[in-house]
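Q: This is structure.cif (mmCIF, C-alpha atoms).
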data_input
loop_
_atom_site.label_atom_id
_atom_site.label_comp_id
_atom_site.auth_asym_id
_atom_site.auth_seq_id
_atom_site.Cartn_x
_atom_site.Cartn_y
_atom_site.Cartn_z
CA MET A 19 87.75 139.73 82.95
CA ASN A 20 87.64 142.90 85.05
CA LYS A 21 89.53 143.39 88.33
CA PRO A 22 86.61 142.52 90.69
CA GLN A 23 85.97 139.32 88.74
CA ARG A 24 89.65 138.36 88.89
CA LEU A 25 89.74 138.97 92.62
CA HIS A 26 86.60 136.87 93.04
CA VAL A 27 88.13 133.97 91.08
CA GLN A 28 91.39 134.22 93.03
CA PHE A 29 89.45 134.20 96.28
CA LEU A 30 87.52 131.08 95.22
CA CYS A 31 90.78 129.37 94.22
CA LEU A 32 92.28 130.11 97.63
CA ILE A 33 89.19 128.86 99.42
CA THR A 34 89.16 125.69 97.32
CA PHE A 35 92.86 125.12 98.04
CA PHE A 36 92.48 125.50 101.80
CA ILE A 37 89.36 123.33 101.92
CA GLY A 38 91.20 120.66 99.95
CA ALA A 39 94.18 120.88 102.25
CA LEU A 40 91.99 120.62 105.32
CA GLN A 41 90.13 117.65 103.86
CA THR A 42 93.41 115.94 102.98
CA THR A 43 94.71 116.49 106.51
CA ALA A 44 91.44 115.36 108.07
CA LEU A 45 91.44 112.17 106.01
CA ALA A 46 95.06 111.53 106.90
CA GLU A 47 94.36 112.02 110.58
CA THR A 48 91.32 109.76 110.78
CA GLU A 49 92.54 106.75 108.83
CA PHE A 50 95.27 105.53 111.18
CA SER A 51 94.86 103.27 114.19
CA GLY A 52 96.15 104.00 117.67
CA GLY A 53 95.80 106.78 120.17
CA LYS A 54 96.27 110.34 118.97
CA THR A 55 98.90 112.63 120.46
CA LEU A 56 101.38 115.27 119.28
CA PHE A 57 104.94 115.04 117.99
CA HIS A 58 106.50 118.51 117.95
CA GLY A 59 103.12 119.96 116.98
CA PHE A 60 102.28 117.31 114.37
CA THR A 61 99.49 114.80 114.87
CA MET A 62 100.87 111.38 115.82
CA PHE A 63 99.08 108.05 116.08
CA HIS A 64 100.69 105.68 118.54
CA ASP A 65 99.74 102.04 118.99
CA THR A 66 101.02 101.30 122.48
CA VAL A 67 100.63 97.55 122.01
CA SER A 68 102.73 97.18 118.85
CA GLY A 69 104.85 100.28 119.41
CA GLU A 70 104.03 101.55 115.92
CA ARG A 71 103.95 105.31 115.36
CA ILE A 72 102.78 107.37 112.40
CA VAL A 73 103.21 111.15 112.31
CA VAL A 74 101.09 113.09 109.83
CA PRO A 75 102.36 116.15 107.96
CA THR A 76 100.10 119.20 107.86
CA ILE A 77 99.66 118.82 104.10
CA PRO A 78 100.77 115.38 102.82
CA ALA A 79 102.85 115.46 99.65
CA ALA A 80 101.57 113.81 96.50
CA GLY A 81 102.33 110.11 96.42
CA LYS A 82 102.50 109.90 100.23
CA PRO A 83 106.28 109.73 100.62
CA TRP A 84 107.47 108.68 104.06
CA VAL A 85 110.52 108.40 106.26
CA TRP A 86 110.78 105.09 108.09
CA ARG A 87 112.82 105.64 111.22
CA ALA A 88 114.51 102.75 112.98
CA ARG A 89 115.46 102.95 116.63
CA PHE A 90 115.80 105.84 119.09
CA TRP A 91 112.44 107.42 118.38
CA GLY A 92 112.43 111.19 118.89
CA HIS A 93 116.19 111.53 119.42
CA GLU A 94 117.72 114.43 117.43
CA PRO A 95 114.56 114.91 115.31
CA GLN A 96 115.86 117.74 113.10
CA PHE A 97 115.73 115.71 109.89
CA ASP A 98 112.36 114.15 110.75
CA LEU A 99 110.77 117.54 111.38
CA ALA A 100 112.21 118.99 108.19
CA MET A 101 110.73 116.15 106.16
CA LEU A 102 107.35 116.46 107.90
CA ASN A 103 107.36 120.12 106.92
CA ARG A 104 107.88 118.98 103.33
CA GLY A 105 104.85 116.70 103.39
CA PHE A 106 106.52 113.38 104.20
CA HIS A 107 104.87 111.11 106.74
CA LEU A 108 107.10 109.78 109.52
CA ALA A 109 106.73 106.17 110.64
CA PHE A 110 108.28 103.88 113.22
CA CYS A 111 107.86 100.26 114.21
CA ASP A 112 109.46 98.78 117.29
CA VAL A 113 112.09 96.17 116.49
CA GLY A 114 113.58 96.42 119.97
CA ASN A 115 116.94 94.79 120.51
CA LEU A 116 116.75 92.47 117.53
CA PHE A 117 119.78 94.05 115.81
CA GLY A 118 118.21 93.73 112.37
CA ASN A 119 117.79 89.95 112.52
CA GLU A 120 115.24 87.89 110.59
CA ASP A 121 112.54 88.49 113.19
CA ALA A 122 113.04 92.25 112.87
CA ILE A 123 112.79 92.03 109.08
CA ASN A 124 109.52 90.09 109.36
CA ILE A 125 108.10 92.73 111.72
CA GLY A 126 109.20 95.40 109.27
CA ASN A 127 107.61 93.55 106.35
CA ARG A 128 104.24 93.44 108.09
CA PHE A 129 104.46 97.13 108.97
CA TYR A 130 105.41 98.03 105.40
CA LYS A 131 102.51 95.99 103.97
CA LYS A 132 100.02 97.76 106.21
CA LEU A 133 101.22 101.24 105.32
CA VAL A 134 101.42 100.54 101.60
CA THR A 135 98.27 98.45 101.13
CA GLN A 136 95.91 99.89 103.76
CA TYR A 137 97.06 103.51 103.89
CA ASP A 138 98.36 103.94 100.33
CA PHE A 139 101.83 105.07 101.36
CA SER A 140 104.53 105.20 98.71
CA PRO A 141 105.97 101.72 98.06
CA ARG A 142 109.50 103.17 98.30
CA PRO A 143 110.12 104.72 101.74
CA VAL A 144 113.22 106.56 102.89
CA LEU A 145 114.96 104.45 105.54
CA GLU A 146 116.55 106.23 108.50
CA GLY A 147 118.79 104.29 110.88
CA MET A 148 120.72 105.60 113.86
CA SER A 149 123.49 103.57 115.47
CA ARG A 150 122.21 99.98 115.85
CA GLY A 151 119.23 101.05 113.72
CA GLY A 152 121.67 100.88 110.84
CA LEU A 153 121.58 97.09 111.01
CA PHE A 154 117.81 97.11 110.60
CA VAL A 155 117.57 99.58 107.72
CA TYR A 156 120.38 97.93 105.79
CA ASN A 157 119.12 94.39 106.35
CA TRP A 158 115.55 95.38 105.47
CA ALA A 159 116.80 97.09 102.32
CA LEU A 160 118.84 94.01 101.41
CA ALA A 161 115.72 91.86 101.80
CA ASN A 162 113.60 94.36 99.80
CA PRO A 163 115.97 96.31 97.56
CA ASP A 164 113.28 97.48 95.14
CA CYS A 165 111.18 98.92 97.95
CA VAL A 166 113.58 101.69 99.00
CA THR A 167 113.99 105.28 97.81
CA ALA A 168 117.15 106.03 99.80
CA ILE A 169 119.01 105.27 103.02
CA TYR A 170 120.02 107.87 105.58
CA ALA A 171 122.22 106.25 108.22
CA ASP A 172 123.64 108.11 111.20
CA ALA A 173 126.72 106.61 112.91
CA PRO A 174 125.35 103.26 111.73
CA VAL A 175 126.44 99.87 112.95
CA MET A 176 127.18 97.83 109.83
CA ASP A 177 129.13 95.00 111.43
CA PHE A 178 127.90 93.69 114.78
CA ARG A 179 131.39 92.36 115.51
CA SER A 180 132.50 96.00 115.74
CA TRP A 181 129.60 96.95 118.02
CA PRO A 182 128.25 95.50 120.23
CA GLY A 183 130.82 92.74 119.83
CA GLY A 184 133.86 94.88 120.52
CA ARG A 185 135.88 92.25 118.71
CA ARG A 186 137.85 94.91 116.86
CA ALA A 187 138.48 98.55 117.76
CA GLY A 188 134.85 99.19 118.78
CA LYS A 189 133.88 99.17 122.42
CA LYS A 190 131.92 96.20 123.65
CA GLY A 191 128.30 97.15 124.10
CA GLN A 192 127.21 97.70 127.71
CA GLY A 193 129.66 95.23 129.13
CA SER A 194 128.57 91.98 127.55
CA LYS A 195 124.78 92.42 127.76
CA ALA A 196 124.21 93.95 124.31
CA TRP A 197 126.58 91.47 122.68
CA ASP A 198 124.86 88.54 124.37
CA THR A 199 121.49 89.93 123.25
CA CYS A 200 122.78 90.24 119.69
CA LEU A 201 124.12 86.67 119.68
CA LYS A 202 120.78 85.40 120.96
CA ALA A 203 118.88 87.43 118.34
CA TYR A 204 120.91 85.86 115.54
CA ARG A 205 121.05 82.44 117.21
CA LEU A 206 124.82 82.39 116.91
CA SER A 207 127.62 81.20 119.11
CA GLN A 208 130.64 83.40 119.75
CA SER A 209 132.72 81.52 117.18
CA GLU A 210 129.92 81.53 114.58
CA ALA A 211 129.47 85.28 114.99
CA LEU A 212 133.14 85.95 114.31
CA THR A 213 132.87 84.32 110.87
CA TYR A 214 129.38 85.65 110.02
CA SER A 215 129.28 86.69 106.37
CA LYS A 216 125.71 87.89 105.78
CA GLY A 217 125.96 91.39 107.21
CA PRO A 218 125.46 94.64 105.26
CA LEU A 219 129.14 95.04 104.44
CA ASN A 220 129.09 91.65 102.70
CA LEU A 221 126.05 92.38 100.52
CA LEU A 222 126.25 95.99 99.34
CA HIS A 223 126.25 94.82 95.72
CA VAL A 224 122.53 94.08 96.13
CA LEU A 225 121.81 97.74 96.88
CA ALA A 226 124.21 99.03 94.23
CA LYS A 227 122.43 96.97 91.59
CA GLU A 228 119.18 98.71 92.53
CA LYS A 229 120.98 102.09 92.50
CA ILE A 230 119.83 103.03 96.01
CA PRO A 231 121.40 106.36 97.04
CA ILE A 232 122.95 106.41 100.52
CA ILE A 233 123.98 109.21 102.86
CA HIS A 234 125.77 108.79 106.21
CA VAL A 235 126.53 111.22 109.02
CA ILE A 236 129.41 110.16 111.28
CA GLY A 237 131.78 111.50 113.89
CA GLU A 238 135.36 111.05 112.73
CA GLU A 239 136.49 110.20 116.26
CA ASP A 240 133.64 107.84 117.11
CA THR A 241 135.18 105.16 119.32
CA VAL A 242 131.93 103.25 119.90
CA VAL A 243 131.05 102.56 116.25
CA PRO A 244 134.42 103.29 114.60
CA PRO A 245 134.10 104.58 111.02
CA ALA A 246 137.08 102.46 110.00
CA GLU A 247 135.08 99.32 110.76
CA ASN A 248 131.73 100.50 109.44
CA THR A 249 131.05 103.58 107.27
CA ASN A 250 134.52 103.87 105.74
CA ILE A 251 134.36 100.29 104.48
CA ALA A 252 130.83 100.82 103.14
CA GLU A 253 131.86 104.02 101.35
CA LEU A 254 134.83 102.36 99.65
CA GLN A 255 132.87 99.27 98.61
CA TYR A 256 129.75 101.09 97.44
CA THR A 257 131.79 103.53 95.39
CA ARG A 258 133.68 100.66 93.73
CA LEU A 259 130.34 99.05 92.95
CA GLY A 260 129.19 102.20 91.17
CA GLY A 261 126.71 103.20 93.88
CA THR A 262 125.94 106.72 95.07
CA ILE A 263 127.09 107.34 98.65
CA GLN A 264 127.78 110.61 100.45
CA VAL A 265 129.43 110.74 103.87
CA ILE A 266 129.21 113.83 106.07
CA ARG A 267 132.05 113.68 108.60
CA LYS A 268 131.92 115.69 111.81
CA PRO A 269 135.49 116.39 112.97
CA GLY A 270 136.61 116.42 116.57
CA VAL A 271 133.57 114.59 117.87
CA GLY A 272 133.97 111.62 120.17
CA HIS A 273 131.39 108.87 120.69
CA HIS A 274 128.64 109.34 118.09
CA PRO A 275 126.28 112.30 118.63
CA HIS A 276 123.68 112.10 115.91
CA SER A 277 122.29 114.27 113.12
CA LEU A 278 123.15 117.83 112.11
CA HIS A 279 122.01 121.08 113.70
CA ASP A 280 120.98 122.16 110.21
CA PRO A 281 119.65 119.09 108.35
CA ALA A 282 119.59 120.89 104.98
CA PRO A 283 122.26 118.65 103.36
CA LEU A 284 120.27 115.56 104.38
CA VAL A 285 116.98 117.03 103.19
CA GLU A 286 118.43 118.05 99.82
CA PHE A 287 119.94 114.59 99.28
CA ILE A 288 116.68 112.81 100.12
CA GLU A 289 114.53 115.16 98.04
CA ARG A 290 116.74 114.51 95.01
CA ALA A 291 116.43 110.77 95.62
CA TRP A 292 112.63 111.02 95.96
CA LYS A 293 112.27 112.95 92.72
CA ALA A 294 114.39 110.34 90.93
CA ALA A 295 112.41 107.47 92.49
CA GLU A 296 109.10 108.95 91.31
CA THR A 297 109.98 107.74 87.83
CA ILE A 298 110.43 104.16 89.06
CA GLY A 299 107.17 102.28 89.30
CA HIS A 300 108.30 98.72 89.96
CA HIS A 301 108.27 97.29 93.47
CA HIS A 302 107.37 94.05 95.18
CA THR A 303 105.45 93.35 98.33
CA PRO A 304 107.65 91.66 100.95
#
Can you give me the file's structure in the form of structure tokens?
A:
Amino acid sequence: MNKPQRLHVQFLCLITFFIGALQTTALAETEFSGGKTLFHGFTMFHDTVSGERIVVPTIPAAGKPWVWRARFWGHEPQFDLAMLNRGFHLAFCDVGNLFGNEDAINIGNRFYKKLVTQYDFSPRPVLEGMSRGGLFVYNWALANPDCVTAIYADAPVMDFRSWPGGRRAGKKGQGSKAWDTCLKAYRLSQSEALTYSKGPLNLLHVLAKEKIPIIHVIGEEDTVVPPAENTNIAELQYTRLGGTIQVIRKPGVGHHPHSLHDPAPLVEFIERAWKAAETIGHHHTP
């Protein structure tokens, strides 16, 4: 093949690639319900009734991997944007102030079914939970352990007695309002809550059995969601159970400011988990 012919073939390949990419993006952008808006330059579909959001990457990755964010939509979006740039969809469903209770799990199950069955998303999303969102992602994973690629939790609440309960070193959430809301969500009395034994820290063996990789980002001096009552316990238990857990500790940081300025360590961890999960085909529909 002479040089002009090679150039012609290369040109056709490029044209075919860009047309395919545009078609993929167009299909992705027209198949979702809700009003269309922008999220940091990416197309987002937002159902204002249900609170569901789906953000579409410019060129979706093969297999339609996705990050399922829980709580505090749009706050510290560094990781979310990095994953969108790598072809992951970003999704969110509103579980409000349910603190990961059974009602929240049922809402999550319906959302998951829609994305997997109607929109052909990967059956194993990456779960992202910030602060109280940790209760949702962990409880949803415990209810559906073979439907998870990995968990990224950021200053996560793993024991509601720590926050919002303030029954240990953690500060009581917003006076007593958040704690009262949590008790109502779980239909528990004060005394019943203090002996509750079905939280994430009690059931990590379920996730370890499924070999779900976990990464946390915490502030070492967080006085709202103290690591000693949440992440540190999870790290010790999960390691003893043979699970993979990495904890990124930010020194000298009070309260719990989220994420990392450079999310590269998070992205690398999740991409490794996704590549490993691609070889796992089994899942169930919650």
Q: Please build the interface table for stretch 52-91 of chain A against stretch 122-133 of chain A with a cut-off of 10 Å, listing for each qualifying residue the nearest atom pair and the distance in Å to one decimal; count only C-alpha atoms, order rows by chain and increasing number, and write it as JSON lines.
A:
{"residue": "A:Ser68", "atom": "CA", "partner": "A:Ile125", "partner_atom": "CA", "distance": 10.0}
{"residue": "A:Glu70", "atom": "CA", "partner": "A:Phe129", "partner_atom": "CA", "distance": 8.2}
{"residue": "A:Ile72", "atom": "CA", "partner": "A:Leu133", "partner_atom": "CA", "distance": 9.5}
{"residue": "A:Trp84", "atom": "CA", "partner": "A:Leu133", "partner_atom": "CA", "distance": 9.8}
{"residue": "A:Trp86", "atom": "CA", "partner": "A:Tyr130", "partner_atom": "CA", "distance": 9.3}
{"residue": "A:Ala88", "atom": "CA", "partner": "A:Gly126", "partner_atom": "CA", "distance": 9.8}
Q: Around (125.9, 97.4, 103.3), as given in the file, which residues come within 7 Å? Count all atoms listed in the file and list them as a ChimeraX atom specification.
A: /A:156,176,218-222,252
Q: Which is closest to A:Asp177 among A:Asp121, A:Glu247, A:Asp198, A:Glu296, if we use all atoms listed in the file?
A: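 Closest to A:Asp177, using all atoms listed in the file: A:Glu247.
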Q: Please evaluate the PyMOL selection byres ((chain A and resi 95) around 12) against the displayed coordinates and give the resulting residues as a list in words.
A: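 Evaluating the PyMOL selection byres ((chain A and resi 95) around 12) on these coordinates yields Phe57, His58, Val85, Arg87, Phe90, Trp91, Gly92, His93, Glu94, Gln96, Phe97, Asp98, Leu99, Ala100, Met101, Leu102, Leu108, Glu146, Met148, His276, Ser277, Leu278, His279, Asp280 and Pro281 of chain A.
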Q: Go through A:Pro283, A:Pro231, A:Pro244, A:Gly151 and flag the residue nearest A:Arg185, using only C-alpha atoms for the distances.
A: A:Pro244
Q: Suppose you want the space between atom CA of A:Ser209 and atom CA of A:Gly183; what is it in Å?
A: 11.7 Å
Q: Output the residue selection produced by the PyMOL selection byres ((chain A and resi 293) around 12) on the file above, formatted as a PyMOL selection string.
A: chain A and resi 79-81+83+142+167-168+286-292+294-298
Q: I'd like to know which of A:Tyr256, A:Phe139, A:Tyr204, A:Tyr170 is closest to A:Lys216, using all atoms listed in the file.
A: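 Among the listed residues, A:Tyr204 lies closest to A:Lys216.
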Q: Quick one: everything within 12 Å of A:Thr55, counting only C-alpha atoms, minus sequence neighbours fewer than 6 positions away in the same chain. Send it as a VMD selection string.
A: chain A and resid 47 61 to 66 71 to 74
Q: Care to translate the PyMOL selection byres ((chain A and resi 158) around 10) into actual residues of this file, as a ChimeraX atom specification?
A: /A:118-120,122-124,126-127,145,152-157,159-163,165-166,218,304
Q: Atom CA of A:Thr262 and atom CA of A:Ile232 are how many Å apart?
A: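 Value for the atom CA of A:Thr262-atom CA of A:Ile232 distance: 6.2 Å.
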Q: Start from the incomplete input, build N, CA, C and O atoms for stretch 132-149 of chain A, and deliver everything as an mmCIF file, in the frame of the given file.
A:
data_model
loop_
_atom_site.group_PDB
_atom_site.id
_atom_site.type_symbol
_atom_site.label_atom_id
_atom_site.label_comp_id
_atom_site.auth_asym_id
_atom_site.auth_seq_id
_atom_site.Cartn_x
_atom_site.Cartn_y
_atom_site.Cartn_z
ATOM 1 N N LYS A 132 101.182 97.020 105.711
ATOM 2 C CA LYS A 132 100.020 97.760 106.210
ATOM 3 C C LYS A 132 100.021 99.192 105.688
ATOM 4 O O LYS A 132 98.995 99.690 105.205
ATOM 5 N N LEU A 133 101.176 99.848 105.750
ATOM 6 C CA LEU A 133 101.220 101.240 105.320
ATOM 7 C C LEU A 133 101.021 101.386 103.817
ATOM 8 O O LEU A 133 100.386 102.344 103.365
ATOM 9 N N VAL A 134 101.520 100.444 103.052
ATOM 10 C CA VAL A 134 101.420 100.540 101.600
ATOM 11 C C VAL A 134 100.053 100.090 101.086
ATOM 12 O O VAL A 134 99.465 100.722 100.210
ATOM 13 N N THR A 135 99.532 99.003 101.643
ATOM 14 C CA THR A 135 98.270 98.450 101.130
ATOM 15 C C THR A 135 97.038 99.068 101.777
ATOM 16 O O THR A 135 96.047 99.323 101.096
ATOM 17 N N GLN A 136 97.086 99.338 103.081
ATOM 18 C CA GLN A 136 95.910 99.890 103.760
ATOM 19 C C GLN A 136 95.857 101.419 103.703
ATOM 20 O O GLN A 136 94.791 102.002 103.606
ATOM 21 N N TYR A 137 97.025 102.054 103.784
ATOM 22 C CA TYR A 137 97.060 103.510 103.890
ATOM 23 C C TYR A 137 97.623 104.184 102.643
ATOM 24 O O TYR A 137 97.780 105.407 102.614
ATOM 25 N N ASP A 138 97.941 103.397 101.631
ATOM 26 C CA ASP A 138 98.360 103.940 100.330
ATOM 27 C C ASP A 138 99.628 104.773 100.411
ATOM 28 O O ASP A 138 99.797 105.739 99.672
ATOM 29 N N PHE A 139 100.537 104.403 101.314
ATOM 30 C CA PHE A 139 101.830 105.070 101.360
ATOM 31 C C PHE A 139 102.639 104.689 100.123
ATOM 32 O O PHE A 139 102.390 103.669 99.488
ATOM 33 N N SER A 140 103.628 105.515 99.806
ATOM 34 C CA SER A 140 104.530 105.200 98.710
ATOM 35 C C SER A 140 105.178 103.833 98.941
ATOM 36 O O SER A 140 105.539 103.493 100.070
ATOM 37 N N PRO A 141 105.337 103.025 97.898
ATOM 38 C CA PRO A 141 105.970 101.720 98.060
ATOM 39 C C PRO A 141 107.480 101.794 98.223
ATOM 40 O O PRO A 141 108.133 100.776 98.395
ATOM 41 N N ARG A 142 108.051 103.025 98.186
ATOM 42 C CA ARG A 142 109.500 103.170 98.300
ATOM 43 C C ARG A 142 109.834 104.192 99.385
ATOM 44 O O ARG A 142 110.108 105.368 99.097
ATOM 45 N N PRO A 143 109.824 103.791 100.659
ATOM 46 C CA PRO A 143 110.120 104.720 101.740
ATOM 47 C C PRO A 143 111.595 105.113 101.782
ATOM 48 O O PRO A 143 112.451 104.473 101.169
ATOM 49 N N VAL A 144 111.863 106.181 102.534
ATOM 50 C CA VAL A 144 113.220 106.560 102.890
ATOM 51 C C VAL A 144 113.525 105.900 104.231
ATOM 52 O O VAL A 144 112.765 106.052 105.194
ATOM 53 N N LEU A 145 114.610 105.151 104.305
ATOM 54 C CA LEU A 145 114.960 104.450 105.540
ATOM 55 C C LEU A 145 115.962 105.283 106.337
ATOM 56 O O LEU A 145 116.962 105.758 105.791
ATOM 57 N N GLU A 146 115.687 105.438 107.624
ATOM 58 C CA GLU A 146 116.550 106.230 108.500
ATOM 59 C C GLU A 146 116.985 105.370 109.686
ATOM 60 O O GLU A 146 116.162 104.936 110.485
ATOM 61 N N GLY A 147 118.289 105.142 109.808
ATOM 62 C CA GLY A 147 118.790 104.290 110.880
ATOM 63 C C GLY A 147 119.896 104.950 111.675
ATOM 64 O O GLY A 147 120.906 105.371 111.103
ATOM 65 N N MET A 148 119.694 105.061 112.975
ATOM 66 C CA MET A 148 120.720 105.600 113.860
ATOM 67 C C MET A 148 121.382 104.484 114.645
ATOM 68 O O MET A 148 120.707 103.619 115.199
ATOM 69 N N SER A 149 122.706 104.513 114.691
ATOM 70 C CA SER A 149 123.490 103.570 115.470
ATOM 71 C C SER A 149 123.083 102.137 115.146
ATOM 72 O O SER A 149 123.152 101.717 114.000
#
